[in-house]
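**Student:** Let me give you the structure first, and then I'll get to my questions.
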Number of protein chains: 2
Amino acid sequence: MLTPERHRIILQLLKEKGIIKIQEIMELTNTSESTIRRDLSQLEKQKFLKRIHGGASRLQGKLQEPSMVEKSAKNLQEKRMIAKYAASLVEEGDCIYLDAGSTIFEMIEFLHVTDIVVVTNGLMHVPSLLNKDIPTYTIGGFVKPKTNAFVGRGALAGLELYRFDKCFLGVNGIHPQFGFTTPDQEEASVKHKAISLAREAYVLADSTKFSEISFAKISDLHEATIITNELADGIEKQYLTRTTIKVVTA
Amino acid sequence: MLTPERHRIILQLLKEKGIIKIQEIMELTNTSESTIRRDLSQLEKQKFLKRIHGGASRLQGKLQEPSMVEKSAKNLQEKRMIAKYAASLVEEGDCIYLDAGSTIFEMIEFLHVTDIVVVTNGLMHVPSLLNKDIPTYTIGGFVKPKTNAFVGRGALAGLELYRFDKCFLGVNGIHPQFGFTTPDQEEASVKHKAISLAREAYVLADSTKFSEISFAKISDLHEATIITNELADGIEKQYLTRTTIKVVTA
DNA sequence: TGTTTTTGAAAGAAAATGATTGACTTTCGG
DNA sequence: CCGAAAGTCAATCATTTTCTTTCAAAAACA
């Protein structure tokens, strides 16, 4: 077994389980303890994981944003359901804004209308959009390394050039009092501005985002319609007086 | 078995499995280890795969492959020479502009300074720049499908936000009378504006571009220094009175 | 025919691996 | 709290595998 393959397996396991023991990896890869130790050392140096006594753990402190790859493996099914519904809202002739992030990314494959224009701040979205022959604009600005999102002054100025029929956003926290929040202040500014430039704004969020609060506020709840997969019991009331929620079920 | 056939098999295997060992390929193609190694080296140089200890692996940057892979290996060599020299002009602390296009793309791997800022209109350049931990800005705007370059009103507005120490451009035609030209008018506008925003402008062009005229004019020759690999006999005079040319030799 | 390109083999360099050693951590019973 | 047993760790070494370079034979080409 080649080294990169082992690394891939280790990261995959880590993504699924959060913590792994050296013993487990040894059995799965049929290699010696020494080799696994070396692997873990390398991966730690590259900031892919954190070594702990007896194995390794995912590095994802609460302060840290999960990177794009980690996110995309998690809750993929739910995300796709939500994304599919959101995509169905897009109508012929629309000009839409697609936020960066993996949930919004899933929307692209479900976009079956042909005569639309898309503006996005997600670098990763562009190839997929072009593949579908969708005219695509980006807002420009600083490229945030971890998420590949355009942010900053350039992004805000770029946004200012456009107006949208609909905008679709991802967020990290949804809270009745504190509204929509996300860890990065720069990204929050972009999202906020996007909402203000659209006739209709939609926030795509799986159920885990409810009652969460992140650092930077994007806007109040009433400024966007929430699309989610389920609502925890008893929390409906707090939200439904403040905004519209669409629950998508399989 | 012919070389292109082997290459096809290798790429096919790679697409299916993600990682392949040299041993496997040897058995499948009935050729020697040396030959496979040579194949892998070539394919790596053309950015089709990544060599790893024991075999090869698919390169995952989805953004980096698409239409850019249509370059002959010989032309690539010249481009890389030109690109390498251009990259050596970048100094610590510079803010530089990198035009879209494959020649400029080759510059990135030769950028060995750490404290620089890059602005680009090339979507494909961004992942490579981020890989090298270089702070990267894009100018935004419409994404031209064929070249993945940002163009149009949004791109011009995005450019306006920045000023550069140096800008590096690709062109299609260089002519003493008609100046620098390129087929797409929108791209010409962006290139023209980039030149006007930079203290020093450089045009990277292999020798085949000389005496060519394309549709849209970018600027006169004197507005940029030309970096090329060779000068056809007898044409020096026509150019050297009008601009500066740096000829890079192996 | 002579020239260039492609191929396979061989030698030494480099990298990856597994086992071993002694030091360090954790656990758990007293 | 202590100390011993069990588990884990970094460092090192010998072995194996893989890599690069070089050279000459074979093949393709003019």
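Starting from 1 in every chain, residues are counted up; chains themselves are A, B, ... following the order of the structure tokens, and ligands are numbered from 1 as listed.
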Please return the superposed copy of chain B as a PDB file with C-alpha atoms, in the first residue's frame; the fit should be least squares onto chain A across all sequentially paired Cα atoms.

**Tutor:**
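Listed below is the output, out01.pdb:
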ATOM      1  CA  MET B   1      -4.492   2.013  20.032  1.00  0.00           C
ATOM      2  CA  LEU B   2      -7.125   4.704  20.240  1.00  0.00           C
ATOM      3  CA  THR B   3      -8.947   5.998  17.215  1.00  0.00           C
ATOM      4  CA  PRO B   4      -7.733   9.628  17.367  1.00  0.00           C
ATOM      5  CA  GLU B   5      -4.186   8.352  17.700  1.00  0.00           C
ATOM      6  CA  ARG B   6      -4.514   6.303  14.548  1.00  0.00           C
ATOM      7  CA  HIS B   7      -6.007   9.265  12.747  1.00  0.00           C
ATOM      8  CA  ARG B   8      -3.095  11.416  13.822  1.00  0.00           C
ATOM      9  CA  ILE B   9      -0.610   8.855  12.530  1.00  0.00           C
ATOM     10  CA  ILE B  10      -2.406   8.534   9.239  1.00  0.00           C
ATOM     11  CA  LEU B  11      -2.501  12.276   8.655  1.00  0.00           C
ATOM     12  CA  GLN B  12       1.144  12.590   9.656  1.00  0.00           C
ATOM     13  CA  LEU B  13       2.189   9.890   7.206  1.00  0.00           C
ATOM     14  CA  LEU B  14       0.110  11.492   4.523  1.00  0.00           C
ATOM     15  CA  LYS B  15       1.694  14.857   5.079  1.00  0.00           C
ATOM     16  CA  GLU B  16       5.129  13.311   4.681  1.00  0.00           C
ATOM     17  CA  LYS B  17       4.569  10.951   1.799  1.00  0.00           C
ATOM     18  CA  GLY B  18       1.637  12.302  -0.170  1.00  0.00           C
ATOM     19  CA  ILE B  19       0.340   8.798  -0.836  1.00  0.00           C
ATOM     20  CA  ILE B  20       0.043   5.896   1.572  1.00  0.00           C
ATOM     21  CA  LYS B  21      -1.063   2.293   1.223  1.00  0.00           C
ATOM     22  CA  ILE B  22      -3.421   0.557   3.572  1.00  0.00           C
ATOM     23  CA  GLN B  23      -0.812  -2.154   4.108  1.00  0.00           C
ATOM     24  CA  GLU B  24       1.682   0.358   5.467  1.00  0.00           C
ATOM     25  CA  ILE B  25      -0.771   1.756   7.957  1.00  0.00           C
ATOM     26  CA  MET B  26      -1.795  -1.706   9.101  1.00  0.00           C
ATOM     27  CA  GLU B  27       1.790  -2.587   9.926  1.00  0.00           C
ATOM     28  CA  LEU B  28       2.456   0.686  11.677  1.00  0.00           C
ATOM     29  CA  THR B  29      -0.636   0.595  13.822  1.00  0.00           C
ATOM     30  CA  ASN B  30      -1.063  -3.160  14.348  1.00  0.00           C
ATOM     31  CA  THR B  31      -4.715  -3.011  13.470  1.00  0.00           C
ATOM     32  CA  SER B  32      -6.858  -4.807  10.973  1.00  0.00           C
ATOM     33  CA  GLU B  33      -7.619  -3.795   7.427  1.00  0.00           C
ATOM     34  CA  SER B  34     -11.242  -3.113   8.315  1.00  0.00           C
ATOM     35  CA  THR B  35     -10.309  -0.596  10.954  1.00  0.00           C
ATOM     36  CA  ILE B  36      -8.005   1.301   8.662  1.00  0.00           C
ATOM     37  CA  ARG B  37     -10.661   1.367   5.988  1.00  0.00           C
ATOM     38  CA  ARG B  38     -13.112   2.847   8.459  1.00  0.00           C
ATOM     39  CA  ASP B  39     -10.546   5.434   9.491  1.00  0.00           C
ATOM     40  CA  LEU B  40      -9.911   6.442   5.920  1.00  0.00           C
ATOM     41  CA  SER B  41     -13.631   6.720   5.208  1.00  0.00           C
ATOM     42  CA  GLN B  42     -14.128   9.005   8.176  1.00  0.00           C
ATOM     43  CA  LEU B  43     -11.154  11.162   7.375  1.00  0.00           C
ATOM     44  CA  GLU B  44     -12.300  11.461   3.807  1.00  0.00           C
ATOM     45  CA  LYS B  45     -15.755  12.570   4.878  1.00  0.00           C
ATOM     46  CA  GLN B  46     -14.145  15.296   6.955  1.00  0.00           C
ATOM     47  CA  LYS B  47     -12.137  16.417   3.947  1.00  0.00           C
ATOM     48  CA  PHE B  48      -8.753  15.510   5.389  1.00  0.00           C
ATOM     49  CA  LEU B  49      -7.715  13.189   2.606  1.00  0.00           C
ATOM     50  CA  LYS B  50      -8.856  11.454  -0.536  1.00  0.00           C
ATOM     51  CA  ARG B  51      -9.314   7.726  -0.643  1.00  0.00           C
ATOM     52  CA  ILE B  52      -7.786   5.985  -3.617  1.00  0.00           C
ATOM     53  CA  HIS B  53      -7.709   2.371  -4.654  1.00  0.00           C
ATOM     54  CA  GLY B  54      -5.199   0.790  -2.310  1.00  0.00           C
ATOM     55  CA  GLY B  55      -4.814   3.615   0.151  1.00  0.00           C
ATOM     56  CA  ALA B  56      -5.203   7.357   0.442  1.00  0.00           C
ATOM     57  CA  SER B  57      -3.716  10.511  -0.986  1.00  0.00           C
ATOM     58  CA  ARG B  58      -3.329  14.054   0.179  1.00  0.00           C
ATOM     59  CA  LEU B  59      -5.890  16.388  -1.336  1.00  0.00           C
ATOM     60  CA  GLN B  60      -4.071  19.118  -3.130  1.00  0.00           C
ATOM     61  CA  GLY B  61      -6.592  21.957  -3.111  1.00  0.00           C
ATOM     62  CA  LYS B  62      -4.646  24.257  -0.844  1.00  0.00           C
ATOM     63  CA  LEU B  63      -7.627  26.546  -0.651  1.00  0.00           C
ATOM     64  CA  GLN B  64     -10.030  23.990   0.663  1.00  0.00           C
ATOM     65  CA  GLU B  65      -8.579  22.883   3.944  1.00  0.00           C
ATOM     66  CA  PRO B  66      -7.418  25.663   6.233  1.00  0.00           C
ATOM     67  CA  SER B  67      -9.722  26.812   8.984  1.00  0.00           C
ATOM     68  CA  MET B  68     -12.777  25.074   7.653  1.00  0.00           C
ATOM     69  CA  VAL B  69     -11.790  21.758   9.098  1.00  0.00           C
ATOM     70  CA  GLU B  70     -13.077  22.460  12.569  1.00  0.00           C
ATOM     71  CA  LYS B  71     -16.440  20.832  12.274  1.00  0.00           C
ATOM     72  CA  SER B  72     -17.687  17.912  14.220  1.00  0.00           C
ATOM     73  CA  ALA B  73     -18.790  14.976  12.168  1.00  0.00           C
ATOM     74  CA  LYS B  74     -22.253  15.009  13.650  1.00  0.00           C
ATOM     75  CA  ASN B  75     -22.854  18.627  12.872  1.00  0.00           C
ATOM     76  CA  LEU B  76     -21.549  17.908   9.397  1.00  0.00           C
ATOM     77  CA  GLN B  77     -24.252  15.354   8.793  1.00  0.00           C
ATOM     78  CA  GLU B  78     -26.990  17.856   9.570  1.00  0.00           C
ATOM     79  CA  LYS B  79     -25.358  20.521   7.502  1.00  0.00           C
ATOM     80  CA  ARG B  80     -25.079  18.212   4.559  1.00  0.00           C
ATOM     81  CA  MET B  81     -28.747  17.302   4.773  1.00  0.00           C
ATOM     82  CA  ILE B  82     -29.727  20.945   4.774  1.00  0.00           C
ATOM     83  CA  ALA B  83     -27.253  21.708   2.017  1.00  0.00           C
ATOM     84  CA  LYS B  84     -28.514  18.868  -0.113  1.00  0.00           C
ATOM     85  CA  TYR B  85     -32.063  20.112   0.024  1.00  0.00           C
ATOM     86  CA  ALA B  86     -31.005  23.666  -0.722  1.00  0.00           C
ATOM     87  CA  ALA B  87     -29.028  22.474  -3.728  1.00  0.00           C
ATOM     88  CA  SER B  88     -32.106  20.719  -5.058  1.00  0.00           C
ATOM     89  CA  LEU B  89     -33.851  24.080  -5.278  1.00  0.00           C
ATOM     90  CA  VAL B  90     -31.423  25.278  -7.899  1.00  0.00           C
ATOM     91  CA  GLU B  91     -32.865  24.921 -11.362  1.00  0.00           C
ATOM     92  CA  GLU B  92     -31.393  24.789 -14.820  1.00  0.00           C
ATOM     93  CA  GLY B  93     -30.643  28.306 -16.025  1.00  0.00           C
ATOM     94  CA  ASP B  94     -30.514  29.923 -12.595  1.00  0.00           C
ATOM     95  CA  CYS B  95     -28.116  32.621 -11.528  1.00  0.00           C
ATOM     96  CA  ILE B  96     -27.448  32.035  -7.863  1.00  0.00           C
ATOM     97  CA  TYR B  97     -25.503  33.689  -5.076  1.00  0.00           C
ATOM     98  CA  LEU B  98     -23.616  31.533  -2.583  1.00  0.00           C
ATOM     99  CA  ASP B  99     -22.623  33.120   0.687  1.00  0.00           C
ATOM    100  CA  ALA B 100     -19.326  32.247   2.346  1.00  0.00           C
ATOM    101  CA  GLY B 101     -19.364  29.690   5.138  1.00  0.00           C
ATOM    102  CA  SER B 102     -19.171  25.950   5.611  1.00  0.00           C
ATOM    103  CA  THR B 103     -22.865  25.143   5.388  1.00  0.00           C
ATOM    104  CA  ILE B 104     -23.179  26.794   2.023  1.00  0.00           C
ATOM    105  CA  PHE B 105     -19.939  25.126   0.973  1.00  0.00           C
ATOM    106  CA  GLU B 106     -21.554  21.739   1.383  1.00  0.00           C
ATOM    107  CA  MET B 107     -24.171  22.735  -1.177  1.00  0.00           C
ATOM    108  CA  ILE B 108     -21.657  22.718  -3.967  1.00  0.00           C
ATOM    109  CA  GLU B 109     -21.162  18.993  -4.131  1.00  0.00           C
ATOM    110  CA  PHE B 110     -24.912  18.525  -4.435  1.00  0.00           C
ATOM    111  CA  LEU B 111     -25.316  20.898  -7.353  1.00  0.00           C
ATOM    112  CA  HIS B 112     -26.204  18.600 -10.191  1.00  0.00           C
ATOM    113  CA  VAL B 113     -27.531  21.129 -12.681  1.00  0.00           C
ATOM    114  CA  THR B 114     -25.163  22.103 -15.437  1.00  0.00           C
ATOM    115  CA  ASP B 115     -26.416  25.317 -16.896  1.00  0.00           C
ATOM    116  CA  ILE B 116     -26.117  27.734 -13.999  1.00  0.00           C
ATOM    117  CA  VAL B 117     -24.021  30.718 -13.037  1.00  0.00           C
ATOM    118  CA  VAL B 118     -22.724  31.178  -9.510  1.00  0.00           C
ATOM    119  CA  VAL B 119     -21.653  34.376  -7.809  1.00  0.00           C
ATOM    120  CA  THR B 120     -19.980  34.008  -4.432  1.00  0.00           C
ATOM    121  CA  ASN B 121     -18.168  35.931  -1.734  1.00  0.00           C
ATOM    122  CA  GLY B 122     -16.533  32.781  -0.418  1.00  0.00           C
ATOM    123  CA  LEU B 123     -12.961  32.361  -1.540  1.00  0.00           C
ATOM    124  CA  MET B 124     -12.952  28.721  -0.475  1.00  0.00           C
ATOM    125  CA  HIS B 125     -15.923  27.890  -2.660  1.00  0.00           C
ATOM    126  CA  VAL B 126     -14.267  28.789  -5.914  1.00  0.00           C
ATOM    127  CA  PRO B 127     -12.012  25.762  -6.457  1.00  0.00           C
ATOM    128  CA  SER B 128     -14.896  23.378  -5.805  1.00  0.00           C
ATOM    129  CA  LEU B 129     -17.171  25.268  -8.167  1.00  0.00           C
ATOM    130  CA  LEU B 130     -14.564  25.260 -10.909  1.00  0.00           C
ATOM    131  CA  ASN B 131     -14.052  21.541 -10.343  1.00  0.00           C
ATOM    132  CA  LYS B 132     -17.672  21.052 -11.286  1.00  0.00           C
ATOM    133  CA  ASP B 133     -17.263  23.203 -14.398  1.00  0.00           C
ATOM    134  CA  ILE B 134     -19.649  25.822 -13.067  1.00  0.00           C
ATOM    135  CA  PRO B 135     -19.066  29.360 -14.366  1.00  0.00           C
ATOM    136  CA  THR B 136     -18.085  31.296 -11.261  1.00  0.00           C
ATOM    137  CA  TYR B 137     -17.925  34.976 -10.386  1.00  0.00           C
ATOM    138  CA  THR B 138     -16.672  36.554  -7.203  1.00  0.00           C
ATOM    139  CA  ILE B 139     -17.682  39.910  -5.850  1.00  0.00           C
ATOM    140  CA  GLY B 140     -14.177  40.992  -4.804  1.00  0.00           C
ATOM    141  CA  GLY B 141     -13.299  43.245  -1.913  1.00  0.00           C
ATOM    142  CA  PHE B 142     -11.346  42.822   1.295  1.00  0.00           C
ATOM    143  CA  VAL B 143     -10.573  39.231   2.203  1.00  0.00           C
ATOM    144  CA  LYS B 144     -11.518  38.652   5.816  1.00  0.00           C
ATOM    145  CA  PRO B 145      -8.733  36.441   7.142  1.00  0.00           C
ATOM    146  CA  LYS B 146     -10.675  34.205   9.499  1.00  0.00           C
ATOM    147  CA  THR B 147     -13.492  33.240   7.167  1.00  0.00           C
ATOM    148  CA  ASN B 148     -11.956  33.968   3.771  1.00  0.00           C
ATOM    149  CA  ALA B 149     -15.041  35.938   2.852  1.00  0.00           C
ATOM    150  CA  PHE B 150     -15.056  39.014   0.666  1.00  0.00           C
ATOM    151  CA  VAL B 151     -16.429  41.997   2.557  1.00  0.00           C
ATOM    152  CA  GLY B 152     -16.356  45.780   2.638  1.00  0.00           C
ATOM    153  CA  ARG B 153     -16.948  48.498   0.132  1.00  0.00           C
ATOM    154  CA  GLY B 154     -15.396  46.531  -2.723  1.00  0.00           C
ATOM    155  CA  ALA B 155     -17.655  43.570  -2.030  1.00  0.00           C
ATOM    156  CA  LEU B 156     -20.799  45.698  -1.965  1.00  0.00           C
ATOM    157  CA  ALA B 157     -19.810  47.398  -5.207  1.00  0.00           C
ATOM    158  CA  GLY B 158     -19.057  44.032  -6.767  1.00  0.00           C
ATOM    159  CA  LEU B 159     -22.441  42.658  -5.741  1.00  0.00           C
ATOM    160  CA  GLU B 160     -24.182  45.625  -7.276  1.00  0.00           C
ATOM    161  CA  LEU B 161     -23.179  44.361 -10.715  1.00  0.00           C
ATOM    162  CA  TYR B 162     -25.376  41.291 -10.459  1.00  0.00           C
ATOM    163  CA  ARG B 163     -28.969  40.144  -9.914  1.00  0.00           C
ATOM    164  CA  PHE B 164     -29.910  36.654  -8.773  1.00  0.00           C
ATOM    165  CA  ASP B 165     -32.688  34.154  -9.168  1.00  0.00           C
ATOM    166  CA  LYS B 166     -31.857  32.713  -5.781  1.00  0.00           C
ATOM    167  CA  CYS B 167     -29.451  33.495  -3.002  1.00  0.00           C
ATOM    168  CA  PHE B 168     -28.301  31.140  -0.238  1.00  0.00           C
ATOM    169  CA  LEU B 169     -26.975  32.482   3.041  1.00  0.00           C
ATOM    170  CA  GLY B 170     -25.621  31.292   6.328  1.00  0.00           C
ATOM    171  CA  VAL B 171     -26.415  33.163   9.547  1.00  0.00           C
ATOM    172  CA  ASN B 172     -25.560  32.910  13.225  1.00  0.00           C
ATOM    173  CA  GLY B 173     -28.783  33.955  14.863  1.00  0.00           C
ATOM    174  CA  ILE B 174     -32.465  33.645  14.016  1.00  0.00           C
ATOM    175  CA  HIS B 175     -34.960  35.437  16.215  1.00  0.00           C
ATOM    176  CA  PRO B 176     -38.619  36.362  15.724  1.00  0.00           C
ATOM    177  CA  GLN B 177     -38.072  39.909  16.845  1.00  0.00           C
ATOM    178  CA  PHE B 178     -34.512  40.686  15.851  1.00  0.00           C
ATOM    179  CA  GLY B 179     -34.431  38.788  12.581  1.00  0.00           C
ATOM    180  CA  PHE B 180     -31.297  37.256  11.072  1.00  0.00           C
ATOM    181  CA  THR B 181     -28.026  38.235  12.753  1.00  0.00           C
ATOM    182  CA  THR B 182     -24.305  37.532  12.406  1.00  0.00           C
ATOM    183  CA  PRO B 183     -21.252  38.626  14.438  1.00  0.00           C
ATOM    184  CA  ASP B 184     -19.521  40.684  11.773  1.00  0.00           C
ATOM    185  CA  GLN B 185     -21.078  43.928  10.645  1.00  0.00           C
ATOM    186  CA  GLU B 186     -19.254  43.909   7.335  1.00  0.00           C
ATOM    187  CA  GLU B 187     -20.521  40.464   6.523  1.00  0.00           C
ATOM    188  CA  ALA B 188     -24.007  41.479   7.551  1.00  0.00           C
ATOM    189  CA  SER B 189     -23.942  44.274   4.986  1.00  0.00           C
ATOM    190  CA  VAL B 190     -22.964  41.887   2.244  1.00  0.00           C
ATOM    191  CA  LYS B 191     -25.638  39.372   3.208  1.00  0.00           C
ATOM    192  CA  HIS B 192     -28.246  42.100   3.412  1.00  0.00           C
ATOM    193  CA  LYS B 193     -27.415  43.363  -0.023  1.00  0.00           C
ATOM    194  CA  ALA B 194     -27.395  39.857  -1.484  1.00  0.00           C
ATOM    195  CA  ILE B 195     -30.929  39.299  -0.226  1.00  0.00           C
ATOM    196  CA  SER B 196     -32.096  42.514  -1.791  1.00  0.00           C
ATOM    197  CA  LEU B 197     -30.673  41.520  -5.150  1.00  0.00           C
ATOM    198  CA  ALA B 198     -32.308  38.103  -5.317  1.00  0.00           C
ATOM    199  CA  ARG B 199     -35.805  37.076  -6.331  1.00  0.00           C
ATOM    200  CA  GLU B 200     -35.792  34.343  -3.703  1.00  0.00           C
ATOM    201  CA  ALA B 201     -33.596  34.244  -0.623  1.00  0.00           C
ATOM    202  CA  TYR B 202     -32.844  31.164   1.492  1.00  0.00           C
ATOM    203  CA  VAL B 203     -31.150  30.977   4.871  1.00  0.00           C
ATOM    204  CA  LEU B 204     -29.504  27.654   5.736  1.00  0.00           C
ATOM    205  CA  ALA B 205     -29.308  27.113   9.476  1.00  0.00           C
ATOM    206  CA  ASP B 206     -29.231  24.134  11.791  1.00  0.00           C
ATOM    207  CA  SER B 207     -31.610  24.125  14.736  1.00  0.00           C
ATOM    208  CA  THR B 208     -29.077  25.593  17.182  1.00  0.00           C
ATOM    209  CA  LYS B 209     -29.323  28.960  15.460  1.00  0.00           C
ATOM    210  CA  PHE B 210     -32.947  29.519  16.471  1.00  0.00           C
ATOM    211  CA  SER B 211     -33.587  32.017  19.264  1.00  0.00           C
ATOM    212  CA  GLU B 212     -29.983  33.123  19.039  1.00  0.00           C
ATOM    213  CA  ILE B 213     -29.102  36.784  18.606  1.00  0.00           C
ATOM    214  CA  SER B 214     -25.781  37.910  17.248  1.00  0.00           C
ATOM    215  CA  PHE B 215     -24.348  41.410  16.924  1.00  0.00           C
ATOM    216  CA  ALA B 216     -25.153  42.653  13.457  1.00  0.00           C
ATOM    217  CA  LYS B 217     -28.586  42.494  11.909  1.00  0.00           C
ATOM    218  CA  ILE B 218     -28.926  41.205   8.364  1.00  0.00           C
ATOM    219  CA  SER B 219     -32.654  41.520   7.775  1.00  0.00           C
ATOM    220  CA  ASP B 220     -36.070  40.627   9.094  1.00  0.00           C
ATOM    221  CA  LEU B 221     -37.237  37.044   8.975  1.00  0.00           C
ATOM    222  CA  HIS B 222     -39.799  37.577   6.259  1.00  0.00           C
ATOM    223  CA  GLU B 223     -37.158  38.426   3.709  1.00  0.00           C
ATOM    224  CA  ALA B 224     -35.888  34.874   3.391  1.00  0.00           C
ATOM    225  CA  THR B 225     -37.072  31.289   3.594  1.00  0.00           C
ATOM    226  CA  ILE B 226     -35.350  29.283   6.311  1.00  0.00           C
ATOM    227  CA  ILE B 227     -34.060  25.775   5.624  1.00  0.00           C
ATOM    228  CA  THR B 228     -33.280  23.802   8.761  1.00  0.00           C
ATOM    229  CA  ASN B 229     -33.099  20.259  10.098  1.00  0.00           C
ATOM    230  CA  GLU B 230     -35.500  20.417  13.044  1.00  0.00           C
ATOM    231  CA  LEU B 231     -37.668  22.763  15.034  1.00  0.00           C
ATOM    232  CA  ALA B 232     -37.566  22.825  18.809  1.00  0.00           C
ATOM    233  CA  ASP B 233     -41.007  22.202  20.327  1.00  0.00           C
ATOM    234  CA  GLY B 234     -43.280  25.130  20.844  1.00  0.00           C
ATOM    235  CA  ILE B 235     -41.303  27.698  18.949  1.00  0.00           C
ATOM    236  CA  GLU B 236     -42.976  27.076  15.647  1.00  0.00           C
ATOM    237  CA  LYS B 237     -45.718  29.592  16.193  1.00  0.00           C
ATOM    238  CA  GLN B 238     -43.399  32.472  16.859  1.00  0.00           C
ATOM    239  CA  TYR B 239     -41.721  31.953  13.538  1.00  0.00           C
ATOM    240  CA  LEU B 240     -44.320  30.611  11.227  1.00  0.00           C
ATOM    241  CA  THR B 241     -46.415  33.740  11.300  1.00  0.00           C
ATOM    242  CA  ARG B 242     -43.387  35.724  10.206  1.00  0.00           C
ATOM    243  CA  THR B 243     -41.652  33.615   7.602  1.00  0.00           C
ATOM    244  CA  THR B 244     -41.512  30.334   5.732  1.00  0.00           C
ATOM    245  CA  ILE B 245     -39.562  27.448   7.177  1.00  0.00           C
ATOM    246  CA  LYS B 246     -38.658  24.254   5.389  1.00  0.00           C
ATOM    247  CA  VAL B 247     -37.662  21.425   7.707  1.00  0.00           C
ATOM    248  CA  VAL B 248     -35.475  18.771   6.097  1.00  0.00           C
ATOM    249  CA  THR B 249     -35.491  15.313   7.634  1.00  0.00           C
ATOM    250  CA  ALA B 250     -33.395  12.260   6.888  1.00  0.00           C
TER     251      ALA B 250
END

**Student:** Residues of chain D within 9 Å of chain B, counting only C-alpha atoms (C1' of nucleotides), what are they? List them as a list of chain:residue names.

**Tutor:**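 Per the criterion, chain D yields D:DT17, D:DT18, D:DC19.
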
**Student:** Would you output that residue set with C-alpha atoms (C1' of nucleotides), as a PDB file, in the first residue's frame?

**Tutor:**
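The resulting again33.pdb:
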ATOM      1  C1'  DT D  17      11.669  -1.169  -2.119  1.00  0.00           C
ATOM      2  C1'  DT D  18      11.705   2.512  -5.173  1.00  0.00           C
ATOM      3  C1'  DC D  19      14.145   6.408  -7.655  1.00  0.00           C
TER       4       DC D  19
END

**Student:** Define the interface residues of chain C facing chain B as those within 10 Å, counting only C-alpha atoms (C1' of nucleotides), and report them as an MDAnalysis selection string.

**Tutor:** chainID C and resid 6:9 15:16

**Student:** For the structure I just gave you, how does DSSP split range 121-238 of chain B - specifically, which residues are alpha helix (DSSP H)? Reply as a PyMOL selection string.

**Tutor:** chain B and resi 125-131+152-159+185-196+236-238

**Student:** What's the separation between C1' of DT12 in chain D and C1' of DT17 in chain C, in Å to one decimal place?

**Tutor:** 13.4 Å
